[in-house]
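One file, my_file_1.txt, is given below (compact mmCIF, C-alpha atoms).
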```txt
# COMPACT_ATOMS: atom_id res chain seq x y z
CA MET A 1062 18.43 -30.71 -107.57
CA SER A 1063 18.55 -33.84 -109.52
CA SER A 1064 18.51 -37.27 -108.04
CA ALA A 1065 22.17 -37.77 -108.98
CA ASP A 1066 23.11 -34.68 -106.99
CA LYS A 1067 21.11 -35.90 -104.00
CA TYR A 1068 22.94 -39.23 -104.14
CA ARG A 1069 26.33 -37.49 -104.30
CA ASN A 1070 25.47 -35.32 -101.30
CA GLN A 1071 24.31 -38.33 -99.29
CA THR A 1072 27.47 -40.28 -100.13
CA PHE A 1073 29.65 -37.30 -99.37
CA ASN A 1074 27.89 -36.67 -96.03
CA HIS A 1075 28.09 -40.38 -95.13
CA ALA A 1076 31.83 -40.43 -95.90
CA ASN A 1077 32.38 -37.32 -93.75
CA LYS A 1078 30.49 -38.88 -90.81
CA ASN A 1079 32.81 -41.98 -90.75
CA ARG A 1080 36.00 -39.96 -91.15
CA GLY A 1081 36.57 -39.76 -87.31
CA VAL A 1082 35.98 -43.51 -86.77
CA ARG A 1083 39.16 -45.58 -86.88
CA GLY A 1084 39.45 -49.21 -87.87
CA PHE A 1085 42.16 -51.78 -87.11
CA THR A 1086 45.23 -51.71 -89.26
CA ILE A 1087 46.99 -54.86 -90.42
CA ILE A 1088 49.86 -54.21 -88.00
CA GLU A 1089 47.49 -53.97 -85.05
CA LEU A 1090 45.84 -57.26 -86.06
CA ILE A 1091 49.23 -58.99 -86.34
CA VAL A 1092 50.23 -57.74 -82.88
CA VAL A 1093 46.95 -58.99 -81.34
CA ILE A 1094 47.30 -62.39 -83.04
CA GLY A 1095 50.92 -62.61 -81.80
CA ILE A 1096 49.89 -61.84 -78.21
CA LEU A 1097 47.06 -64.39 -78.31
CA SER A 1098 49.33 -67.02 -79.85
CA GLY A 1099 51.96 -66.40 -77.17
CA GLY A 1100 49.32 -66.81 -74.46
CA ILE A 1101 48.05 -70.06 -75.96
CA VAL A 1102 51.58 -71.47 -76.23
CA ALA A 1103 52.31 -70.48 -72.61
CA VAL A 1104 49.16 -72.22 -71.36
CA GLN A 1105 49.91 -75.35 -73.41
CA THR A 1106 53.49 -75.46 -72.08
CA ALA A 1107 52.27 -75.09 -68.51
CA ILE A 1108 49.80 -77.96 -68.98
CA GLN A 1109 52.49 -80.23 -70.48
CA TYR A 1110 54.90 -79.37 -67.66
CA GLY A 1111 52.21 -80.07 -65.07
CA LEU A 1112 51.32 -83.44 -66.61
CA ARG A 1113 54.98 -84.46 -66.80
CA ASN A 1114 55.50 -83.52 -63.15
CA ALA A 1115 52.38 -85.46 -62.16
CA VAL A 1116 53.93 -88.61 -63.67
CA VAL A 1117 57.23 -87.99 -61.87
CA VAL A 1118 55.43 -87.48 -58.56
CA SER A 1119 53.33 -90.61 -59.12
CA ASP A 1120 56.48 -92.65 -59.86
CA GLY A 1121 58.15 -91.13 -56.78
CA ILE A 1122 55.29 -92.30 -54.57
CA VAL A 1123 55.52 -95.85 -55.94
CA ALA A 1124 59.32 -95.79 -55.48
CA ALA A 1125 59.00 -94.56 -51.89
CA HIS A 1126 56.62 -97.42 -51.11
CA LEU A 1127 58.96 -99.93 -52.73
CA ALA A 1128 61.90 -98.56 -50.71
CA GLU A 1129 59.86 -98.79 -47.50
CA GLU A 1130 58.85 -102.33 -48.45
CA GLY A 1131 62.56 -103.20 -48.67
CA LEU A 1132 63.03 -102.09 -45.06
CA GLU A 1133 59.89 -103.92 -43.94
CA LEU A 1134 61.07 -107.15 -45.57
CA ILE A 1135 64.38 -106.99 -43.70
CA ARG A 1136 62.44 -106.30 -40.48
CA ASN A 1137 60.35 -109.37 -41.28
CA VAL A 1138 63.48 -111.54 -41.58
CA ARG A 1139 64.86 -110.18 -38.29
CA ASP A 1140 61.58 -110.74 -36.43
CA GLY A 1141 61.15 -114.19 -38.00
CA ASN A 1142 64.62 -115.13 -36.79
CA TRP A 1143 63.72 -113.91 -33.31
CA ALA A 1144 60.52 -116.02 -33.32
CA ILE A 1145 62.46 -119.12 -34.42
CA ARG A 1146 64.98 -118.48 -31.64
CA GLN A 1147 62.17 -118.28 -29.07
CA PHE A 1148 60.83 -121.70 -30.11
CA GLN A 1149 64.29 -123.27 -29.77
CA GLN A 1150 64.40 -122.77 -25.98
CA PRO A 1151 66.18 -123.62 -23.72
CA THR A 1152 69.25 -123.60 -26.04
CA PRO A 1153 68.49 -121.52 -29.15
CA THR A 1154 70.72 -122.12 -32.15
CA ALA A 1155 69.21 -119.44 -34.41
CA ASP A 1156 70.63 -115.95 -34.41
CA THR A 1157 68.62 -112.78 -34.86
CA TRP A 1158 70.98 -111.77 -37.64
CA ASP A 1159 70.83 -115.07 -39.61
CA GLU A 1160 70.81 -114.25 -43.34
CA LEU A 1161 71.43 -110.59 -42.55
CA SER A 1162 75.16 -110.36 -43.11
CA THR A 1163 76.82 -107.35 -44.70
CA GLY A 1164 76.15 -107.12 -48.42
CA TYR A 1165 73.87 -106.01 -51.22
CA TYR A 1166 70.60 -107.86 -51.71
CA ARG A 1167 67.55 -107.92 -53.91
CA LEU A 1168 64.36 -109.12 -52.32
CA ASP A 1169 60.63 -109.07 -52.84
CA TYR A 1170 57.49 -109.81 -50.86
CA LEU A 1171 57.70 -113.53 -51.71
CA LEU A 1172 60.81 -113.77 -49.46
CA SER A 1173 61.89 -117.07 -50.93
CA ASN A 1174 64.17 -118.15 -53.72
CA GLY A 1175 64.24 -121.79 -52.66
CA VAL A 1176 67.46 -121.40 -50.67
CA SER A 1177 67.13 -118.32 -48.49
CA ARG A 1178 64.79 -115.41 -48.03
CA LEU A 1179 67.20 -112.89 -49.56
CA TYR A 1180 68.85 -112.87 -52.97
CA SER A 1181 72.46 -111.96 -52.24
CA GLY A 1182 74.93 -110.74 -54.79
CA ALA A 1183 72.95 -107.74 -56.00
CA PRO A 1184 75.07 -104.99 -57.58
CA ALA A 1185 76.21 -102.07 -55.45
CA THR A 1186 74.47 -99.55 -57.69
CA CYS A 1187 70.74 -99.53 -58.13
CA GLN A 1188 70.85 -98.73 -61.86
CA ASP A 1189 72.68 -102.03 -62.41
CA GLY A 1190 70.11 -104.01 -60.39
CA GLN A 1191 67.42 -106.32 -61.73
CA VAL A 1192 64.14 -104.76 -62.83
CA LEU A 1193 61.12 -105.46 -60.63
CA ASN A 1194 58.12 -106.94 -62.45
CA PHE A 1195 54.60 -105.63 -61.92
CA ASP A 1196 51.75 -108.11 -61.60
CA SER A 1197 48.63 -106.26 -62.77
CA THR A 1198 46.36 -108.91 -61.26
CA SER A 1199 47.67 -108.55 -57.69
CA GLY A 1200 49.08 -105.03 -58.04
CA LEU A 1201 52.38 -106.19 -56.49
CA TYR A 1202 56.00 -105.89 -57.59
CA SER A 1203 58.33 -108.90 -57.50
CA TYR A 1204 61.10 -110.62 -59.46
CA ALA A 1205 58.67 -113.39 -60.43
CA GLY A 1206 55.97 -113.09 -63.13
CA GLY A 1207 54.38 -109.97 -64.50
CA THR A 1208 55.54 -107.30 -66.88
CA PHE A 1209 58.78 -105.36 -66.55
CA SER A 1210 58.40 -102.15 -64.60
CA LYS A 1211 60.72 -99.16 -64.60
CA PHE A 1212 61.75 -99.73 -60.97
CA ARG A 1213 64.87 -101.43 -59.58
CA ARG A 1214 65.61 -102.05 -55.89
CA VAL A 1215 68.85 -102.84 -54.06
CA VAL A 1216 69.01 -103.28 -50.29
CA ASN A 1217 72.36 -102.75 -48.60
CA ILE A 1218 72.94 -104.29 -45.15
CA THR A 1219 75.83 -103.35 -42.89
CA ASN A 1220 75.94 -105.72 -39.91
CA ASN A 1221 77.55 -104.28 -36.78
CA THR A 1222 76.62 -107.30 -34.54
CA THR A 1223 74.50 -105.18 -32.15
CA TYR A 1224 72.48 -103.61 -34.95
CA ILE A 1225 72.24 -103.65 -38.70
CA GLU A 1226 72.06 -100.59 -40.87
CA VAL A 1227 69.69 -101.14 -43.77
CA SER A 1228 69.61 -98.90 -46.81
CA SER A 1229 66.84 -99.52 -49.33
CA GLN A 1230 67.43 -97.83 -52.68
CA VAL A 1231 64.87 -97.71 -55.49
CA CYS A 1232 65.75 -96.13 -58.82
CA TRP A 1233 64.03 -95.62 -62.15
CA THR A 1234 64.57 -93.73 -65.38
CA ASP A 1235 61.97 -91.80 -67.35
CA SER A 1236 61.92 -89.16 -70.08
CA ILE A 1237 63.33 -86.55 -67.69
CA GLY A 1238 66.26 -88.71 -66.58
CA PRO A 1239 67.31 -91.01 -63.72
CA HIS A 1240 65.72 -90.77 -60.26
CA GLU A 1241 66.35 -92.54 -56.97
CA ILE A 1242 64.98 -92.76 -53.47
CA ILE A 1243 67.07 -94.06 -50.58
CA ILE A 1244 65.68 -94.86 -47.14
CA THR A 1245 68.09 -95.85 -44.37
CA GLU A 1246 67.29 -97.28 -40.94
CA ARG A 1247 69.05 -99.02 -38.08
CA LEU A 1248 67.48 -102.22 -36.81
CA TYR A 1249 68.39 -103.50 -33.36
CA ASP A 1250 68.01 -106.86 -31.69
CA TRP A 1251 65.54 -105.32 -29.30
CA ARG A 1252 64.11 -108.56 -27.94
CA PRO A 1253 65.83 -110.04 -24.86
CA GLU A 1254 67.68 -113.35 -25.06
```

Have the structure of the file written as structure tokens, please.
Amino acid sequence: MSSADKYRNQTFNHANKNRGVRGFTIIELIVVIGILSGGIVAVQTAIQYGLRNAVVVSDGIVAAHLAEEGLELIRNVRDGNWAIRQFQQPTPTADTWDELSTGYYRLDYLLSNGVSRLYSGAPATCQDGQVLNFDSTSGLYSYAGGTFSKFRRVVNITNNTTYIEVSSQVCWTDSIGPHEIIITERLYDWRPE
């Protein structure tokens, strides 16, 4: 047997040994790449959705605090009026409900516009209200200095003489759309005359 015959036999035997082993076809590779691509896109979409929701939740927390602050500021006015009335004894002239007549108001923690503690004449809808500014130095929102924020606040007071119903509405708009938080509470003149 010549060396060429030996080489042919070895090649032939080697080819016969690999005949039962299968490789991947192009179609199988395309299917695998498609499945992996679909998985990667699904994970990326879930991450984007989660990040977007995290921003909405974060904004919702800020808005809830701003709405609660609106109620607290009205409470502050009521309690301040009560304290003034106590110092005017024996004949008080101040009323617990001074400055708290029925209407729509905008107010901030400064509680002063030079005339009264509340800015009356706010629009009935929050989206039409004035934007609160954010002061990055103090971390507070007001209508004074700072940069425009996305939040607006309108406080609605309904005075029923024995109590006032206060509704603090904060709204904002982001890439998803408009959002709002409304907190309502009744405040009573709970201190005796």

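Residue nearest A:Ser1228 within the list A:Leu1193, A:Thr1245, A:Trp1251, A:Thr1186: A:Thr1245 [criterion: smallest interatomic distance, only C-alpha atoms].
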
(message) Measuring between all atoms listed in the file, which one of A:Asn1137, A:Ser1119, A:Ser1098, A:Thr1163 shows the shortest distance to A:Thr1219?
(response) A:Thr1163

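Using only C-alpha atoms, the shortest contact distance between A:Tyr1204 and any of A:Ser1236, A:Arg1167, A:Gln1105, A:Asn1217 is found at A:Arg1167.
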
(message) One decimal, in Å: what's the spacing between atom CA of A:Val1215 and atom CA of A:Glu1133?
(response) 13.6 Å

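Between atom CA of A:Val1117 and atom CA of A:Leu1171 there is a distance of 27.5 Å.
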
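When the distance limit is 10 Å and all atoms listed in the file are what count, the residues near A:Ala1185, minus those fewer than 3 positions from it on the same chain, are Gly1164, Tyr1165, Tyr1166, Gly1182, Gln1188, Asp1189, Gly1190, Val1215, Val1216 and Asn1217 of chain A.
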
(message) What's around A:Arg1113 at 12 Å? Count all atoms listed in the file, leave out sequence neighbours fewer than 6 positions away in its own chain, and write the answer as a PyMOL selection string.
(response) chain A and resi 1106-1107+1119-1120+1235-1237

(message) Distance cut-off 12 Å, centre (78.9, -104.1, -39.8) in file coordinates, counting only C-alpha atoms: which residues qualify? Return them as a ChimeraX atom specification.
(response) /A:1158,1161-1164,1217-1227,1247-1248

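Interatomic distance, atom CA of A:Tyr1110 to atom CA of A:Leu1201: 29.2 Å.
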
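Comparing the minimum interatomic distances between A:Ser1203 and each of A:Glu1130, A:Glu1160, A:Ala1144, A:Arg1136, counting only C-alpha atoms, we find that A:Glu1130 sits nearest.
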
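Among A:Gly1141, A:Pro1184, A:Gly1200, A:Gly1131, the residue with the shortest atom-to-atom distance to A:Ser1229, counting only C-alpha atoms, is A:Gly1131.
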
(request) Name the closest residue to A:Asn1142 among the candidates A:Gln1230, A:Ser1181, A:Thr1157, A:Thr1208; distances are taken between atoms, counting all atoms listed in the file. (result) A:Thr1157
